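The next block is run-v4.pdb, given as PDB, C-alpha atoms.
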```pdb
ATOM      1  CA  MET X  29     -69.119  -7.120 -69.088
ATOM      2  CA  LYS X  30     -65.514  -7.977 -69.886
ATOM      3  CA  ASN X  31     -64.319  -4.543 -68.722
ATOM      4  CA  ASN X  32     -66.168  -4.973 -65.431
ATOM      5  CA  LEU X  33     -64.544  -8.356 -64.898
ATOM      6  CA  LEU X  34     -61.123  -6.898 -65.703
ATOM      7  CA  THR X  35     -61.677  -4.014 -63.272
ATOM      8  CA  LYS X  36     -62.681  -6.456 -60.545
ATOM      9  CA  PHE X  37     -59.570  -8.510 -61.288
ATOM     10  CA  TYR X  38     -57.313  -5.450 -61.001
ATOM     11  CA  ILE X  39     -58.865  -4.376 -57.709
ATOM     12  CA  GLY X  40     -58.828  -7.892 -56.246
ATOM     13  CA  MET X  41     -55.277  -8.524 -57.437
ATOM     14  CA  LEU X  42     -53.960  -5.255 -55.972
ATOM     15  CA  ALA X  43     -55.784  -5.862 -52.706
ATOM     16  CA  GLY X  44     -54.322  -9.353 -52.486
ATOM     17  CA  ILE X  45     -50.786  -8.112 -53.133
ATOM     18  CA  VAL X  46     -51.105  -5.287 -50.592
ATOM     19  CA  VAL X  47     -52.362  -7.706 -47.936
ATOM     20  CA  THR X  48     -49.700 -10.363 -48.601
ATOM     21  CA  THR X  49     -46.869  -7.826 -48.759
ATOM     22  CA  ALA X  50     -47.994  -5.840 -45.705
ATOM     23  CA  TYR X  51     -45.435  -7.462 -43.391
ATOM     24  CA  PRO X  52     -42.405  -7.031 -45.693
ATOM     25  CA  ILE X  53     -43.383  -3.394 -46.216
ATOM     26  CA  TYR X  54     -43.781  -2.971 -42.460
ATOM     27  CA  MET X  55     -40.322  -4.527 -41.961
ATOM     28  CA  GLY X  56     -38.808  -2.013 -44.346
ATOM     29  CA  ILE X  57     -40.490   0.911 -42.627
ATOM     30  CA  SER X  58     -39.383  -0.358 -39.202
ATOM     31  CA  LEU X  59     -35.821  -0.656 -40.436
ATOM     32  CA  LEU X  60     -35.796   2.898 -41.821
ATOM     33  CA  VAL X  61     -37.209   4.275 -38.556
ATOM     34  CA  HIS X  62     -34.352   2.657 -36.602
ATOM     35  CA  MET X  63     -31.775   3.995 -39.058
ATOM     36  CA  LEU X  64     -33.105   7.543 -38.947
ATOM     37  CA  ARG X  65     -33.424   7.492 -35.161
ATOM     38  CA  ASP X  66     -30.381   5.468 -34.062
ATOM     39  CA  GLY X  67     -28.092   5.335 -37.092
ATOM     40  CA  ALA X  68     -28.167   1.500 -37.045
ATOM     41  CA  ILE X  69     -30.524  -1.342 -36.270
ATOM     42  CA  PRO X  70     -29.741  -3.552 -33.234
ATOM     43  CA  ILE X  71     -29.755  -7.346 -33.634
ATOM     44  CA  GLU X  72     -32.743  -7.799 -31.327
ATOM     45  CA  ALA X  73     -34.839  -5.418 -33.438
ATOM     46  CA  TYR X  74     -33.716  -6.789 -36.786
ATOM     47  CA  PRO X  75     -36.759  -7.727 -38.927
ATOM     48  CA  LYS X  76     -35.923 -11.188 -40.251
ATOM     49  CA  TYR X  77     -35.070 -11.228 -43.936
ATOM     50  CA  VAL X  78     -36.099  -7.641 -44.609
ATOM     51  CA  ILE X  79     -33.971  -8.280 -47.677
ATOM     52  CA  PRO X  80     -34.912  -9.586 -50.129
ATOM     53  CA  TYR X  81     -38.594  -9.577 -49.172
ATOM     54  CA  THR X  82     -39.142  -5.830 -48.826
ATOM     55  CA  PRO X  83     -37.569  -5.194 -52.272
ATOM     56  CA  ILE X  84     -39.579  -8.128 -53.681
ATOM     57  CA  ALA X  85     -42.782  -6.667 -52.219
ATOM     58  CA  LEU X  86     -42.081  -3.243 -53.724
ATOM     59  CA  ALA X  87     -41.246  -4.814 -57.094
ATOM     60  CA  LEU X  88     -44.522  -6.765 -57.161
ATOM     61  CA  ILE X  89     -46.599  -3.743 -56.146
ATOM     62  CA  VAL X  90     -45.022  -1.608 -58.890
ATOM     63  CA  GLY X  91     -45.417  -4.389 -61.446
ATOM     64  CA  ALA X  92     -49.076  -4.891 -60.529
ATOM     65  CA  LEU X  93     -49.840  -1.168 -60.680
ATOM     66  CA  LEU X  94     -48.406  -0.998 -64.204
ATOM     67  CA  VAL X  95     -50.517  -3.862 -65.603
ATOM     68  CA  PRO X  96     -53.214  -1.593 -67.170
ATOM     69  CA  LEU X  97     -50.616   0.756 -68.659
ATOM     70  CA  PHE X  98     -48.452  -1.901 -70.296
ATOM     71  CA  GLN X  99     -51.464  -3.850 -71.552
ATOM     72  CA  LYS X 100     -52.659  -0.749 -73.369
ATOM     73  CA  LEU X 101     -49.212   0.054 -74.759
ATOM     74  CA  THR X 102     -48.263  -3.473 -75.805
ATOM     75  CA  GLU X 103     -51.006  -5.993 -75.223
ATOM     76  CA  LYS X 104     -49.218  -9.060 -76.597
ATOM     77  CA  LYS X 105     -45.979  -8.591 -74.669
ATOM     78  CA  ALA X 106     -47.068  -6.568 -71.643
ATOM     79  CA  LEU X 107     -45.187  -8.860 -69.263
ATOM     80  CA  LEU X 108     -41.818  -7.952 -70.792
ATOM     81  CA  PRO X 109     -41.745  -4.231 -69.818
ATOM     82  CA  GLY X 110     -43.604  -5.001 -66.585
ATOM     83  CA  ALA X 111     -41.000  -7.571 -65.580
ATOM     84  CA  ALA X 112     -38.122  -5.280 -66.610
ATOM     85  CA  VAL X 113     -39.417  -2.419 -64.440
ATOM     86  CA  SER X 114     -40.154  -4.706 -61.480
ATOM     87  CA  VAL X 115     -36.751  -6.388 -61.570
ATOM     88  CA  ALA X 116     -35.092  -2.961 -61.811
ATOM     89  CA  VAL X 117     -37.080  -1.772 -58.770
ATOM     90  CA  PHE X 118     -36.001  -4.877 -56.891
ATOM     91  CA  PHE X 119     -32.280  -4.474 -57.579
ATOM     92  CA  LEU X 120     -32.246  -0.728 -56.909
ATOM     93  CA  THR X 121     -34.073  -1.155 -53.593
ATOM     94  CA  GLU X 122     -32.051  -4.218 -52.662
ATOM     95  CA  ARG X 123     -28.724  -2.553 -53.344
ATOM     96  CA  PHE X 124     -29.710   0.575 -51.429
ATOM     97  CA  MET X 125     -30.689  -1.465 -48.377
ATOM     98  CA  GLU X 126     -27.622  -3.705 -48.555
ATOM     99  CA  THR X 127     -25.149  -0.845 -48.558
ATOM    100  CA  ARG X 128     -26.917   1.967 -46.667
ATOM    101  CA  ILE X 129     -28.483   0.068 -43.778
ATOM    102  CA  LEU X 130     -26.199  -0.837 -40.853
ATOM    103  CA  VAL X 131     -26.684  -3.588 -38.255
ATOM    104  CA  GLN X 132     -25.313  -3.156 -34.741
ATOM    105  CA  THR X 133     -23.552  -6.389 -33.750
ATOM    106  CA  GLN X 134     -20.244  -6.215 -31.878
ATOM    107  CA  GLU X 135     -19.495  -3.628 -34.534
ATOM    108  CA  LEU X 136     -21.440  -1.876 -37.252
ATOM    109  CA  VAL X 137     -21.774  -4.046 -40.365
ATOM    110  CA  PRO X 138     -23.604  -3.404 -43.646
ATOM    111  CA  LEU X 139     -26.886  -5.263 -44.037
ATOM    112  CA  GLU X 140     -25.524  -7.416 -46.866
ATOM    113  CA  SER X 141     -22.805  -8.889 -44.615
ATOM    114  CA  TRP X 142     -25.299  -9.539 -41.824
ATOM    115  CA  GLN X 143     -27.705 -11.174 -44.275
ATOM    116  CA  MET X 144     -24.973 -13.582 -45.308
ATOM    117  CA  SER X 145     -24.889 -15.009 -41.798
ATOM    118  CA  LEU X 146     -28.665 -15.453 -41.779
ATOM    119  CA  CYS X 147     -28.489 -17.704 -44.831
ATOM    120  CA  TYR X 148     -26.377 -19.972 -42.667
ATOM    121  CA  VAL X 149     -27.936 -19.864 -39.202
ATOM    122  CA  PRO X 150     -31.044 -18.141 -37.728
ATOM    123  CA  PRO X 151     -30.347 -14.737 -36.075
ATOM    124  CA  GLU X 152     -31.348 -15.894 -32.593
ATOM    125  CA  MET X 153     -28.487 -18.446 -32.698
ATOM    126  CA  TYR X 154     -25.857 -16.038 -33.969
ATOM    127  CA  GLU X 155     -24.331 -15.201 -30.573
ATOM    128  CA  THR X 156     -24.459 -18.728 -29.082
ATOM    129  CA  ARG X 157     -23.346 -20.679 -32.155
ATOM    130  CA  THR X 158     -20.042 -22.594 -32.017
ATOM    131  CA  TRP X 159     -18.412 -21.987 -35.384
ATOM    132  CA  GLU X 160     -16.391 -24.725 -37.079
ATOM    133  CA  ALA X 161     -13.572 -24.591 -39.604
ATOM    134  CA  VAL X 162     -15.959 -25.144 -42.517
ATOM    135  CA  ASP X 163     -18.273 -22.381 -41.349
ATOM    136  CA  VAL X 164     -18.775 -19.080 -43.074
ATOM    137  CA  LEU X 165     -16.158 -16.512 -42.099
ATOM    138  CA  LEU X 166     -18.002 -13.218 -41.869
ATOM    139  CA  GLY X 167     -14.712 -11.358 -42.131
ATOM    140  CA  GLY X 168     -14.157 -12.992 -45.521
ATOM    141  CA  TYR X 169     -17.364 -11.683 -47.061
ATOM    142  CA  SER X 170     -17.802 -12.368 -50.767
ATOM    143  CA  PRO X 171     -20.701 -10.913 -52.779
ATOM    144  CA  ALA X 172     -20.646 -14.088 -54.906
ATOM    145  CA  PHE X 173     -22.774 -15.825 -52.267
ATOM    146  CA  LYS X 174     -25.733 -13.737 -53.429
ATOM    147  CA  LEU X 175     -25.972 -15.768 -56.660
ATOM    148  CA  HIS X 176     -28.735 -17.925 -55.198
ATOM    149  CA  PHE X 177     -30.059 -15.045 -53.107
ATOM    150  CA  TYR X 178     -30.861 -13.003 -56.228
ATOM    151  CA  LEU X 179     -31.864 -16.066 -58.241
ATOM    152  CA  ILE X 180     -34.657 -16.881 -55.795
ATOM    153  CA  SER X 181     -35.855 -13.272 -55.718
ATOM    154  CA  VAL X 182     -36.026 -12.848 -59.490
ATOM    155  CA  ILE X 183     -37.839 -16.164 -59.934
ATOM    156  CA  ILE X 184     -40.457 -15.162 -57.340
ATOM    157  CA  ILE X 185     -41.004 -11.819 -59.076
ATOM    158  CA  LEU X 186     -41.160 -13.207 -62.619
ATOM    159  CA  SER X 187     -43.357 -16.201 -61.821
ATOM    160  CA  LEU X 188     -45.911 -14.156 -59.874
ATOM    161  CA  LEU X 189     -45.962 -11.398 -62.489
ATOM    162  CA  ASN X 190     -46.457 -14.097 -65.126
ATOM    163  CA  CYS X 191     -49.636 -15.123 -63.301
ATOM    164  CA  ILE X 192     -50.853 -11.541 -62.851
ATOM    165  CA  TYR X 193     -50.234 -10.438 -66.432
ATOM    166  CA  GLY X 194     -51.357 -13.796 -67.828
ATOM    167  CA  TYR X 195     -54.748 -13.759 -66.103
ATOM    168  CA  ALA X 196     -55.269 -10.094 -67.018
ATOM    169  CA  LYS X 197     -54.536 -10.850 -70.666
ATOM    170  CA  MET X 198     -56.844 -13.860 -70.584
ATOM    171  CA  ILE X 199     -59.705 -11.725 -69.279
ATOM    172  CA  ARG X 200     -58.944  -8.874 -71.670
ATOM    173  CA  THR X 201     -58.667 -10.970 -74.848
ATOM    174  CA  GLY X 202     -60.745 -14.041 -74.008
ATOM    175  CA  ASP X 203     -57.855 -16.282 -75.077
ATOM    176  CA  LYS X 204     -57.689 -19.158 -72.603
ATOM    177  CA  SER X 205     -54.910 -21.119 -74.297
ATOM    178  CA  ARG X 206     -52.572 -20.570 -71.327
ATOM    179  CA  LYS X 207     -55.157 -21.120 -68.604
ATOM    180  CA  LYS X 208     -53.931 -24.528 -67.395
ATOM    181  CA  ALA X 209     -50.293 -23.424 -67.506
ATOM    182  CA  LEU X 210     -51.124 -20.292 -65.505
ATOM    183  CA  ILE X 211     -53.009 -22.314 -62.891
ATOM    184  CA  ILE X 212     -50.001 -24.614 -62.456
ATOM    185  CA  GLN X 213     -47.686 -21.585 -62.367
ATOM    186  CA  THR X 214     -49.845 -20.065 -59.641
ATOM    187  CA  VAL X 215     -49.650 -23.241 -57.571
ATOM    188  CA  THR X 216     -45.873 -23.623 -57.968
ATOM    189  CA  SER X 217     -45.198 -19.906 -57.384
ATOM    190  CA  LEU X 218     -47.273 -19.647 -54.229
ATOM    191  CA  SER X 219     -45.917 -22.965 -52.932
ATOM    192  CA  PHE X 220     -42.355 -21.814 -53.492
ATOM    193  CA  LEU X 221     -43.075 -18.436 -51.893
ATOM    194  CA  GLY X 222     -44.550 -20.275 -48.919
ATOM    195  CA  MET X 223     -41.378 -22.363 -48.618
ATOM    196  CA  CYS X 224     -39.294 -19.172 -48.743
ATOM    197  CA  ILE X 225     -41.317 -17.596 -45.935
ATOM    198  CA  TRP X 226     -41.009 -20.812 -43.926
ATOM    199  CA  ALA X 227     -37.244 -20.723 -44.426
ATOM    200  CA  CYS X 228     -37.145 -17.077 -43.314
ATOM    201  CA  PHE X 229     -38.479 -17.825 -39.879
ATOM    202  CA  THR X 230     -36.912 -21.245 -39.316
ATOM    203  CA  ALA X 231     -33.896 -21.480 -41.668
ATOM    204  CA  PHE X 232     -35.438 -24.950 -42.135
ATOM    205  CA  TYR X 233     -34.379 -25.827 -38.593
ATOM    206  CA  ARG X 234     -30.673 -25.826 -39.416
ATOM    207  CA  THR X 235     -28.318 -25.368 -36.493
ATOM    208  CA  GLY X 236     -25.351 -24.147 -38.517
ATOM    209  CA  GLU X 237     -23.767 -27.603 -38.750
ATOM    210  CA  ILE X 238     -22.946 -29.089 -42.144
ATOM    211  CA  MET X 239     -24.830 -32.290 -41.245
ATOM    212  CA  VAL X 240     -28.545 -31.455 -41.046
ATOM    213  CA  SER X 241     -31.475 -33.328 -39.535
ATOM    214  CA  ALA X 242     -33.886 -35.487 -41.544
ATOM    215  CA  VAL X 243     -36.611 -32.819 -41.325
ATOM    216  CA  SER X 244     -34.235 -30.141 -42.541
ATOM    217  CA  ALA X 245     -33.020 -32.393 -45.371
ATOM    218  CA  VAL X 246     -36.578 -33.052 -46.592
ATOM    219  CA  LEU X 247     -37.529 -29.365 -46.488
ATOM    220  CA  MET X 248     -34.362 -28.305 -48.297
ATOM    221  CA  THR X 249     -34.960 -30.950 -50.961
ATOM    222  CA  VAL X 250     -38.542 -29.781 -51.550
ATOM    223  CA  PHE X 251     -37.314 -26.184 -51.681
ATOM    224  CA  PHE X 252     -34.664 -26.943 -54.311
ATOM    225  CA  VAL X 253     -37.051 -28.983 -56.451
ATOM    226  CA  LEU X 254     -39.826 -26.376 -56.244
ATOM    227  CA  LEU X 255     -37.385 -23.663 -57.283
ATOM    228  CA  GLY X 256     -36.522 -25.556 -60.454
ATOM    229  CA  VAL X 257     -40.090 -26.591 -61.253
ATOM    230  CA  THR X 258     -41.378 -23.014 -60.808
ATOM    231  CA  THR X 259     -38.769 -21.786 -63.285
ATOM    232  CA  GLY X 260     -39.428 -24.582 -65.754
ATOM    233  CA  VAL X 261     -43.203 -24.036 -65.697
ATOM    234  CA  PHE X 262     -42.598 -20.322 -66.285
ATOM    235  CA  LEU X 263     -40.869 -21.110 -69.577
ATOM    236  CA  ALA X 264     -43.327 -23.857 -70.499
ATOM    237  CA  SER X 265     -46.257 -21.452 -70.155
ATOM    238  CA  PHE X 266     -44.891 -19.468 -73.124
ATOM    239  CA  THR X 267     -43.847 -22.360 -75.368
ATOM    240  CA  LEU X 268     -47.000 -24.524 -75.328
ATOM    241  CA  LYS X 269     -47.541 -24.228 -79.064
ATOM    242  CA  LYS X 270     -43.888 -24.736 -79.999
ATOM    243  CA  ARG X 271     -42.247 -27.993 -81.026
ATOM    244  CA  ARG X 272     -41.573 -30.535 -78.293
ATOM    245  CA  PHE X 273     -37.973 -29.537 -77.633
ATOM    246  CA  LEU X 274     -38.968 -25.945 -76.853
ATOM    247  CA  SER X 275     -42.197 -26.740 -75.025
ATOM    248  CA  VAL X 276     -41.135 -29.796 -73.003
ATOM    249  CA  THR X 277     -37.422 -30.569 -73.105
ATOM    250  CA  LEU X 278     -36.089 -27.021 -72.729
ATOM    251  CA  PRO X 279     -38.245 -26.190 -69.675
ATOM    252  CA  ALA X 280     -37.018 -29.410 -68.027
ATOM    253  CA  ILE X 281     -33.396 -28.503 -68.786
ATOM    254  CA  LEU X 282     -33.955 -24.992 -67.398
ATOM    255  CA  ALA X 283     -35.495 -26.433 -64.218
ATOM    256  CA  ALA X 284     -32.523 -28.741 -63.631
ATOM    257  CA  ALA X 285     -30.053 -25.933 -64.444
ATOM    258  CA  THR X 286     -31.783 -23.596 -61.980
ATOM    259  CA  THR X 287     -31.562 -26.183 -59.205
ATOM    260  CA  LEU X 288     -27.896 -26.713 -60.047
ATOM    261  CA  ALA X 289     -27.339 -22.941 -59.844
ATOM    262  CA  MET X 290     -28.912 -22.985 -56.393
ATOM    263  CA  TYR X 291     -26.447 -25.686 -55.338
ATOM    264  CA  ILE X 292     -23.574 -23.587 -56.682
ATOM    265  CA  GLY X 293     -24.813 -20.613 -54.653
ATOM    266  CA  GLU X 294     -24.924 -22.756 -51.510
ATOM    267  CA  MET X 295     -21.439 -24.025 -52.286
ATOM    268  CA  ILE X 296     -20.115 -20.462 -52.502
ATOM    269  CA  LEU X 297     -21.875 -19.529 -49.269
ATOM    270  CA  LEU X 298     -20.363 -22.517 -47.455
ATOM    271  CA  SER X 299     -16.807 -21.963 -48.689
ATOM    272  CA  GLY X 300     -16.821 -24.881 -51.131
ATOM    273  CA  ASN X 301     -18.990 -27.198 -49.001
ATOM    274  CA  LEU X 302     -22.619 -28.311 -49.122
ATOM    275  CA  TYR X 303     -25.062 -29.293 -46.435
ATOM    276  CA  ARG X 304     -25.085 -33.069 -45.964
ATOM    277  CA  PHE X 305     -28.355 -34.935 -45.596
ATOM    278  CA  GLY X 306     -26.766 -38.026 -44.058
ATOM    279  CA  SER X 307     -23.643 -40.189 -44.035
ATOM    280  CA  GLY X 308     -22.523 -42.882 -46.446
ATOM    281  CA  VAL X 309     -21.825 -43.119 -50.167
ATOM    282  CA  PHE X 310     -25.226 -41.754 -51.192
ATOM    283  CA  PHE X 311     -24.759 -38.580 -49.137
ATOM    284  CA  ASN X 312     -21.013 -37.914 -49.511
ATOM    285  CA  GLY X 313     -19.347 -35.905 -52.261
ATOM    286  CA  MET X 314     -18.106 -37.898 -55.247
ATOM    287  CA  GLY X 315     -14.324 -37.539 -55.244
ATOM    288  CA  LYS X 316     -13.380 -33.963 -56.094
ATOM    289  CA  LEU X 317     -17.004 -33.234 -56.970
ATOM    290  CA  VAL X 318     -18.729 -31.611 -54.011
ATOM    291  CA  LEU X 319     -22.134 -32.831 -55.163
ATOM    292  CA  ALA X 320     -23.278 -36.125 -53.658
ATOM    293  CA  PRO X 321     -25.454 -38.709 -55.453
ATOM    294  CA  VAL X 322     -28.470 -37.460 -53.480
ATOM    295  CA  ASP X 323     -27.838 -33.949 -54.807
ATOM    296  CA  LEU X 324     -27.787 -35.239 -58.380
ATOM    297  CA  TYR X 325     -31.103 -36.971 -57.744
ATOM    298  CA  VAL X 326     -32.575 -33.681 -56.505
ATOM    299  CA  ILE X 327     -31.414 -31.914 -59.678
ATOM    300  CA  ILE X 328     -32.782 -34.710 -61.865
ATOM    301  CA  ALA X 329     -36.083 -34.714 -59.939
ATOM    302  CA  SER X 330     -36.484 -31.000 -60.604
ATOM    303  CA  GLY X 331     -36.083 -31.535 -64.339
ATOM    304  CA  GLY X 332     -38.125 -34.739 -64.357
ATOM    305  CA  ILE X 333     -41.161 -33.247 -62.622
ATOM    306  CA  THR X 334     -41.053 -30.274 -64.982
ATOM    307  CA  LEU X 335     -40.844 -32.678 -67.928
ATOM    308  CA  LEU X 336     -44.003 -34.468 -66.753
ATOM    309  CA  ILE X 337     -45.902 -31.213 -66.218
ATOM    310  CA  ALA X 338     -44.843 -29.769 -69.579
ATOM    311  CA  SER X 339     -45.707 -33.031 -71.343
ATOM    312  CA  ALA X 340     -49.181 -33.018 -69.789
ATOM    313  CA  LEU X 341     -49.734 -29.424 -70.880
ATOM    314  CA  LYS X 342     -48.546 -30.322 -74.377
ATOM    315  CA  ARG X 343     -50.900 -33.312 -74.642
ATOM    316  CA  ASN X 344     -53.924 -31.488 -73.226
ATOM    317  CA  PRO X 345     -53.700 -27.856 -74.339
ATOM    318  CA  GLN X 346     -56.511 -25.527 -73.337
ATOM    319  CA  ARG X 347     -58.383 -24.588 -76.467
ATOM    320  CA  ALA X 348     -58.322 -20.926 -77.264
ATOM    321  CA  HIS X 349     -61.693 -19.343 -76.650
ATOM    322  CA  LYS X 350     -62.751 -15.938 -77.877
ATOM    323  CA  SER X 351     -65.716 -14.264 -76.294
TER     324      SER X 351
END
```

Target encoding structure tokens, full file:
Amino acid sequence: MKNNLLTKFYIGMLAGIVVTTAYPIYMGISLLVHMLRDGAIPIEAYPKYVIPYTPIALALIVGALLVPLFQKLTEKKALLPGAAVSVAVFFLTERFMETRILVQTQELVPLESWQMSLCYVPPEMYETRTWEAVDVLLGGYSPAFKLHFYLISVIIILSLLNCIYGYAKMIRTGDKSRKKALIIQTVTSLSFLGMCIWACFTAFYRTGEIMVSAVSAVLMTVFFVLLGVTTGVFLASFTLKKRRFLSVTLPAILAAATTLAMYIGEMILLSGNLYRFGSGVFFNGMGKLVLAPVDLYVIIASGGITLLIASALKRNPQRAHKS
């Protein structure tokens, strides 16, 4: 009975991943067709955010396919080799696409340089945008901007694999001690992935100006907080039975640190600046510190929400159940 349930889970999980990653895979295929046929991909045919989502899709598919193998080889820690292989697949694919794929703008540029501009302004506005002194200078490309680019990708991969491997282990062993944590991880992971997809197609309605609209500010805030909470819940799902510092405080610290790292990545991308959500003391940088009070509140909110979630999981652990 248990084996049948596990088989159904594997089939359903793989089918779900194939369906949800169909478009990123299609984007990658479309890009390769253009490269093989034309030697470069024109702006008008560029599939939005083919990186990092095609490499992420491939990493998740490989990780999911290896679930049965790694659970047989090392049942207790199957996620560790699965995550290592998936992250390696992501970086190898990502690096290949960044350096080998060319985009035809006014000149041929590597995909990684073109992607840098898309983090700043949607592709359809690239030609008509009026660039200011604080804007990104594409000629001054720095790979350091990809700090947050890779951070987001790895968190998506690890959090989703945590759900996949966690549910598979729960079915295989009957141990439901992580059930509530995995449910919350599923919600945060899918919500964050949804925000990422939203950002892909809208860039959260930014126009390329440092001062953003209220709608853009709210969406960016939710995005930053969700990033931190997803990371914090990931750690909390493994430390439920540990002492409070490891199971509650440390996940909250990790969540806040992850959100701070995202801010640092944005700061690098914007040449030492940050997007501003408004004017006035609450929204302006504090002296030489680029972060504004509102940014500190976002970082604290990320850690605080994670603290509440981890505390709830600690107070109401799911009892282990063997069947």

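Nearest residue to Ser187 (chain X), choosing from X:Leu317, X:Val115, X:Leu120, X:Val131 and counting all atoms listed in the file: X:Val115.
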
Calculated over all atoms listed in the file, which of the candidates X:Ala280, X:Ala87, X:Leu60, X:Val113 has the smallest distance to Leu130 (chain X)? X:Leu60

Which distance in Å separates CA of Met239 (chain X) and CA of His176 (chain X), to one decimal? 20.4 Å

Please identify all polymer residues lying at most 12 Å from the point (-60.2, -4.4, -63.9) (file coordinates), using only C-alpha atoms, and present the result as a PyMOL selection string. chain X and resi 29-42+92-93+95-97+99+192-193+195-197+199-200

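Among the candidates X:Pro52, X:Met63, X:Asn301, X:Ser330, the residue lying nearest to Lys316 (chain X) is X:Asn301 (atoms considered: only C-alpha atoms).
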
Using all atoms of region 258-265 of chain X that appear in the file, construct an axis-aligned enclosing box with 6 Å of padding on every side and provide its centre coordinates and edge lengths in Å, rounded to one decimal, as AutoDock Vina command-line options.
```
--center_x -42.5 --center_y -22.5 --center_z -65.7 --size_x 19.5 --size_y 16.3 --size_z 21.7
```

When the PyMOL selection byres ((chain X and resi 55) around 12) is applied to the file above, which residues end up in the set, as a PyMOL selection string? chain X and resi 49-54+56-62+69+73-83+85-86+125

With C-alpha atoms kept, could you save the residues just selected as an mmCIF file, keeping the file's coordinate frame?
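Heads up, here's the output in out.cif:
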```cif
data_model
loop_
_atom_site.group_PDB
_atom_site.id
_atom_site.type_symbol
_atom_site.label_atom_id
_atom_site.label_comp_id
_atom_site.auth_asym_id
_atom_site.auth_seq_id
_atom_site.Cartn_x
_atom_site.Cartn_y
_atom_site.Cartn_z
ATOM 1 C CA THR X 49 -46.869 -7.826 -48.759
ATOM 2 C CA ALA X 50 -47.994 -5.840 -45.705
ATOM 3 C CA TYR X 51 -45.435 -7.462 -43.391
ATOM 4 C CA PRO X 52 -42.405 -7.031 -45.693
ATOM 5 C CA ILE X 53 -43.383 -3.394 -46.216
ATOM 6 C CA TYR X 54 -43.781 -2.971 -42.460
ATOM 7 C CA GLY X 56 -38.808 -2.013 -44.346
ATOM 8 C CA ILE X 57 -40.490 0.911 -42.627
ATOM 9 C CA SER X 58 -39.383 -0.358 -39.202
ATOM 10 C CA LEU X 59 -35.821 -0.656 -40.436
ATOM 11 C CA LEU X 60 -35.796 2.898 -41.821
ATOM 12 C CA VAL X 61 -37.209 4.275 -38.556
ATOM 13 C CA HIS X 62 -34.352 2.657 -36.602
ATOM 14 C CA ILE X 69 -30.524 -1.342 -36.270
ATOM 15 C CA ALA X 73 -34.839 -5.418 -33.438
ATOM 16 C CA TYR X 74 -33.716 -6.789 -36.786
ATOM 17 C CA PRO X 75 -36.759 -7.727 -38.927
ATOM 18 C CA LYS X 76 -35.923 -11.188 -40.251
ATOM 19 C CA TYR X 77 -35.070 -11.228 -43.936
ATOM 20 C CA VAL X 78 -36.099 -7.641 -44.609
ATOM 21 C CA ILE X 79 -33.971 -8.280 -47.677
ATOM 22 C CA PRO X 80 -34.912 -9.586 -50.129
ATOM 23 C CA TYR X 81 -38.594 -9.577 -49.172
ATOM 24 C CA THR X 82 -39.142 -5.830 -48.826
ATOM 25 C CA PRO X 83 -37.569 -5.194 -52.272
ATOM 26 C CA ALA X 85 -42.782 -6.667 -52.219
ATOM 27 C CA LEU X 86 -42.081 -3.243 -53.724
ATOM 28 C CA MET X 125 -30.689 -1.465 -48.377
#
```

Give as a VMD selection string each residue that has an atom at most 12 Å from (-35.1, -26.1, -74.0) in the file, counting all atoms listed in the file. chain X and resid 260 to 261 263 to 264 266 to 267 270 to 285 331 334 to 335 338

Which residues are close to Ala111 (chain X), i.e. within 8 Å by all atoms listed in the file, leaving aside same-chain residues fewer than 5 positions away? Reply as an MDAnalysis selection string. chainID X and resid 91 185:186 189
